[in-house]
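Visitor: A single structure is presented below for examination.
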Amino acid sequence: MNRLNLGHYVKKYSFFYVISIIAISASILLDMIAPKAVQHIIDDVIIDHKMEVLKIWLLVILGIGVGRCIFQYTKEFACDYAGSKIASEVRINLFQKIQSLSANFFDGINSGELMSRVKDDVDRIWDIAAFMGILMIEVILRTISSMYFMMRINWQLSLIPIIGMSITAVIAILMEKKLDTLFGELAQKNSELNNTAAENLAGIRTVKAFARERHEINKFHKHNQKYYEINIDLSRVFVKYNPMIQIITRLISISTVLLGGLVVIKGNPFNGGKPLTLGELVALTQYAGGIVWPMEMLGWLANGFSSAKASVKRLEKIYSEIPDINDESELAKNLGTDQDTVISANLFTPEDITGNICFEGVTYKAGDRNILDDVSFEIGAGKTLGIMGATGSGKTTIINLLKRMYDVTSGAIKIDGVNIKDLPLPTLRRSIACVMQDIFLFSDTIDGNIRLGEREKMSTAQVRTSLEQSLASEFVDKMDEKEFTVIGERGVGLSGGQKQRITIARALARKTPILVLDDSTSALDTETEQDIQKVLAGLNGMTKIIIAHRISAVRKADKIIVLDKGKIAQEGTHDELLKKGGLYKETYDSQYGVKK
């Protein structure tokens with residue numbers, strides 16, 4: 001989906017909108033009858049003393065009240081139901097769209113801005129879909145109906161609200177233009193404010209560790225001040241234009257009463273001097289009041305529509321994003337890109353992959369900078385590859401390319417001789433279990449974190465086995481609820497080593513053909529690291545890629561490559577690389593205290 005098609009949603013729930021419009025029409029019709037009832041009570045009962053009709057007209061007014069309650073409730077329920085369903089579907093579809101975008105998109109946008117889109121901007125869509133759009137229809141129908149009944153009583157006096165409405169419409173258009181720009185700025189500042197707060201709260205321990213509370217408060221204050229200033233600018237627009245609308249509506253009521261009163265007393269000079277009855281004047285005044293309310297709503301509606309318009313523009317910007325990574329496999333083209341649909345086809349499943357990995361002249365550029373330059377290597381199924389290199393040499397990029405988080409600029413990556421672009425994305429990514437440098441645990445139970453994405457398929461035995469293999473059971477079993485203990489956001493309450501062991505358990509539980517460990521034991525003590533390495537060494541039939549800075553983590557690998565500035569500087573086994581000298585030997589000497 002590359003655009004936000006609100007018409008599609010409105011059409012889907014058109015039945016409820018039709019019910020709302022019918023209910024509105026019936027309610028307005030009853031409102032139009034009410035002044036006529038009052039007119040007859042004044043003219044027939046009060047002036048002509050026809051007391052026998054009083055009961056009838058009082059019952060009419062009571063019936064109008066009861067009917068209006070029923071129709072207004074029907075309108076509110078129908079449009080609220082449709083609006084809530086539309087907002088819910090827009091929000092989930094927007095979230096699905098965001099999930100479908102490639103890593104490059106998230107590299108250029110902050111989480112606070114995305115949260116603002118998913119929550120605040122969709123709320124503005126709800127405003128339009130639930131009541132503001134229906135309210136606009138009600139304003140139009142009520143205005144037309146009131147004008148019709150006014151003109152039936154006295155068309156000359158009906159010109160007063162027509163002139164007032166024309167002036168009010170011009171004011172509302174001017175106000176909407178100014179509000180449109182301001183609401184766009186307000187949404188941007190709201191995103192920045194949300195992101196500043198979210199970023200600070202996520203890193204609150206770092207802030208406190210460096211005693212940066214005052215700095216963070218000042219930074220938040222600056223964004224909050226800008227947000228406040230734009231809100232003040234919005235208020236200035238309302239202060240400037242809204243009183244004009246209020247004055248015009250008051251003038252309409254006053255003019256109708258004054259001029260109508262003169263016609264009652266002296267007669268209508270344009271109609272042979274025929275006067276209005278007192279009842280007609282009261283009815284005319286009530287109809288004029290029915291026009292005043294829609295005119296007063298114009299300012300508020302202009303505000304709402306401007307806000308919604310700005311939100312739609314921002315959502316359209318996300319919908320227009322095209323993922324850089326597309327599922328180019330024939331299976332995906334035939335079945336669509338839905339993960340469950342592709343996997344259920346029982347073709348190219350993770351079980352069919354043995355894990356032979358081959359990089360053929362792979363180059364990857366970010367902008368004008370080469371991250372990887374003509375990288376080639378092969379690791380057989382079930383073998384272990386160690387990757388070493390200085391920070392920024394491209395180690396993690398190799399993994400991101402293997403998982404197709406990004407696509408190669410040139411060259412090819414093959415698994416079991418098949419270009420990964422020809423594998424369905426779900427199959428590729430479910431075939432690779434990763435323990436990355438950036439540990440992320442959800443606010444869930446330990447069991448829930450290990451089952452991530454496989455909650456229904458993974459057995460309790462698998463969870464327990466993975467905890468034991470990663471040595472996480474040592475501390476998990478000491479907790480009151482064991483693996484059903486709820487851990488905080490990002491693993492708050494656990495040490496760095498404990499979090500690493502849970503993420504290792506999460507990867508091992510999947511039993512994938514390829515396992516990636518990206519500096520995954522850096523927070524572990526030497527003894528625990530060695531125990532986990534023994535477990536990993538005993539995992540047969542699984543291709544393992546170990547990225548590390550420690551020689552101890554890769555020395556038993558079947559092949560080790562050493563990266564330097566995006567190129568393979570050295571390649572071989574531990575013993576071969578020690579004999580060759582160079583970067584690997586220098587790293588070994590520095591870590592093991594070998595004197596030159």
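We name chains A, B, ... following the order of the structure tokens; residues begin at 1 in each chain, and ligands are numbered from 1 as shown.
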Using only C-alpha atoms, which protein or nucleic acid residues come within 10 Å of segment 178-195 of chain A? Drop anything in the same chain fewer than 4 positions from it, and give the result as a ChimeraX atom specification.
Guide: /A:110-117,120-121,173-174,199-201,219-231,233-235,237-238,302-311,313-314
Visitor: What lies within 7 Å of Ser470 of chain A using only C-alpha atoms, ignoring chain neighbours under 5 positions off, as a VMD selection string?
Guide: chain A and resid 501 504 to 505 532
Visitor: What's around segment 79-93 of chain A at 7 Å? Count only C-alpha atoms, leave out sequence neighbours fewer than 3 positions away in its own chain, and write the answer as a PyMOL selection string.
Guide: chain A and resi 9+13+16-17+20+75-76+96-97+118+122+125-126+129-131
Visitor: Go ahead and save the residues from that selection, with N, CA, C and O atoms, as a tab-separated table (two decimals), in the first residue's frame.
Guide:
chain	number	residue	atom	x	y	z
A	9	TYR	N	-11.73	3.37	3.14
A	9	TYR	CA	-12.28	3.09	4.48
A	9	TYR	C	-13.70	3.60	4.61
A	9	TYR	O	-14.56	2.94	5.21
A	13	TYR	N	-17.27	1.32	5.34
A	13	TYR	CA	-18.23	1.51	6.43
A	13	TYR	C	-19.32	2.50	6.04
A	13	TYR	O	-19.89	3.19	6.88
A	16	PHE	N	-22.87	2.60	7.85
A	16	PHE	CA	-23.03	3.34	9.10
A	16	PHE	C	-23.13	4.84	8.84
A	16	PHE	O	-23.86	5.55	9.54
A	17	TYR	N	-22.42	5.31	7.81
A	17	TYR	CA	-22.51	6.73	7.48
A	17	TYR	C	-23.88	7.07	6.89
A	17	TYR	O	-24.43	8.14	7.14
A	20	SER	N	-26.17	7.34	9.72
A	20	SER	CA	-25.93	8.62	10.41
A	20	SER	C	-26.60	9.77	9.67
A	20	SER	O	-27.23	10.63	10.30
A	75	LYS	N	-27.31	8.65	15.39
A	75	LYS	CA	-26.24	9.32	14.63
A	75	LYS	C	-24.89	9.18	15.34
A	75	LYS	O	-23.88	8.80	14.72
A	76	GLU	N	-24.86	9.48	16.65
A	76	GLU	CA	-23.61	9.44	17.40
A	76	GLU	C	-23.03	8.04	17.42
A	76	GLU	O	-21.82	7.85	17.20
A	96	GLN	N	1.76	-1.72	9.91
A	96	GLN	CA	2.23	-2.75	8.98
A	96	GLN	C	3.11	-2.13	7.89
A	96	GLN	O	4.13	-2.72	7.49
A	97	LYS	N	2.73	-0.94	7.42
A	97	LYS	CA	3.54	-0.25	6.42
A	97	LYS	C	4.92	0.07	6.98
A	97	LYS	O	5.94	-0.14	6.31
A	118	VAL	N	1.87	7.39	14.46
A	118	VAL	CA	0.99	6.26	14.78
A	118	VAL	C	-0.10	6.67	15.76
A	118	VAL	O	-1.24	6.20	15.65
A	122	VAL	N	-3.04	9.68	13.60
A	122	VAL	CA	-4.19	8.81	13.37
A	122	VAL	C	-5.38	9.29	14.21
A	122	VAL	O	-6.54	9.16	13.79
A	125	ILE	N	-7.22	11.65	12.19
A	125	ILE	CA	-8.05	10.94	11.22
A	125	ILE	C	-9.35	10.50	11.90
A	125	ILE	O	-10.44	10.59	11.32
A	126	TRP	N	-9.22	10.03	13.14
A	126	TRP	CA	-10.42	9.61	13.89
A	126	TRP	C	-11.37	10.79	14.08
A	126	TRP	O	-12.59	10.64	13.98
A	129	ALA	N	-13.22	11.17	10.79
A	129	ALA	CA	-14.06	10.03	10.45
A	129	ALA	C	-15.19	9.82	11.45
A	129	ALA	O	-16.28	9.36	11.08
A	130	ALA	N	-14.96	10.17	12.72
A	130	ALA	CA	-15.94	9.86	13.75
A	130	ALA	C	-17.03	10.92	13.87
A	130	ALA	O	-18.20	10.59	14.00
A	131	PHE	N	-16.66	12.19	13.87
A	131	PHE	CA	-17.71	13.19	14.10
A	131	PHE	C	-17.55	14.48	13.32
A	131	PHE	O	-18.53	15.15	13.01
Visitor: What does the structure give for the distance between atom CA of Phe95 of chain A and atom CA of Glu316 of chain A, in Å to one decimal?
Guide: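 Separating atom CA of Phe95 of chain A from atom CA of Glu316 of chain A is a distance of 13.2 Å.
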Visitor: Find, counting only C-alpha atoms, the residue in A:Gly394, A:Pro294, A:Gly566, A:Gly581 that gets nearest to Val139 of chain A.
Guide: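 Of all the options, A:Pro294 lies closest to Val139 of chain A.
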Visitor: Which residues of segment 347-421 of chain A come within 9 Å of segment 429-443 of chain A, and for each one, what is the closest pair of atoms and their distance in Å to one decimal, counting only C-alpha atoms, sorted by chain and residue number, as JSON lines?
Guide:
{"residue": "A:Thr349", "atom": "CA", "partner": "A:Ser431", "partner_atom": "CA", "distance": 8.2}
{"residue": "A:Pro350", "atom": "CA", "partner": "A:Ser431", "partner_atom": "CA", "distance": 4.9}
{"residue": "A:Glu351", "atom": "CA", "partner": "A:Ser431", "partner_atom": "CA", "distance": 8.0}
{"residue": "A:Ile353", "atom": "CA", "partner": "A:Ser431", "partner_atom": "CA", "distance": 7.5}
{"residue": "A:Gly355", "atom": "CA", "partner": "A:Ser431", "partner_atom": "CA", "distance": 8.5}
{"residue": "A:Thr396", "atom": "CA", "partner": "A:Met436", "partner_atom": "CA", "distance": 8.5}
{"residue": "A:Ile399", "atom": "CA", "partner": "A:Cys434", "partner_atom": "CA", "distance": 8.9}
{"residue": "A:Leu402", "atom": "CA", "partner": "A:Ile432", "partner_atom": "CA", "distance": 8.9}
{"residue": "A:Lys403", "atom": "CA", "partner": "A:Arg429", "partner_atom": "CA", "distance": 5.8}
{"residue": "A:Arg404", "atom": "CA", "partner": "A:Arg429", "partner_atom": "CA", "distance": 8.1}
Visitor: Mind giving me the straight-line distance from atom CA of Glu481 of chain A to atom CA of Lys511 of chain A in Å, one decimal?
Guide: 25.5 Å
Visitor: Would you please extract all strand (DSSP E or B) residues from segment 377-414 of chain A, as assigned by DSSP on the backbone, and give them as a PyMOL selection string?
Guide: chain A and resi 377-379+384-389+410-414
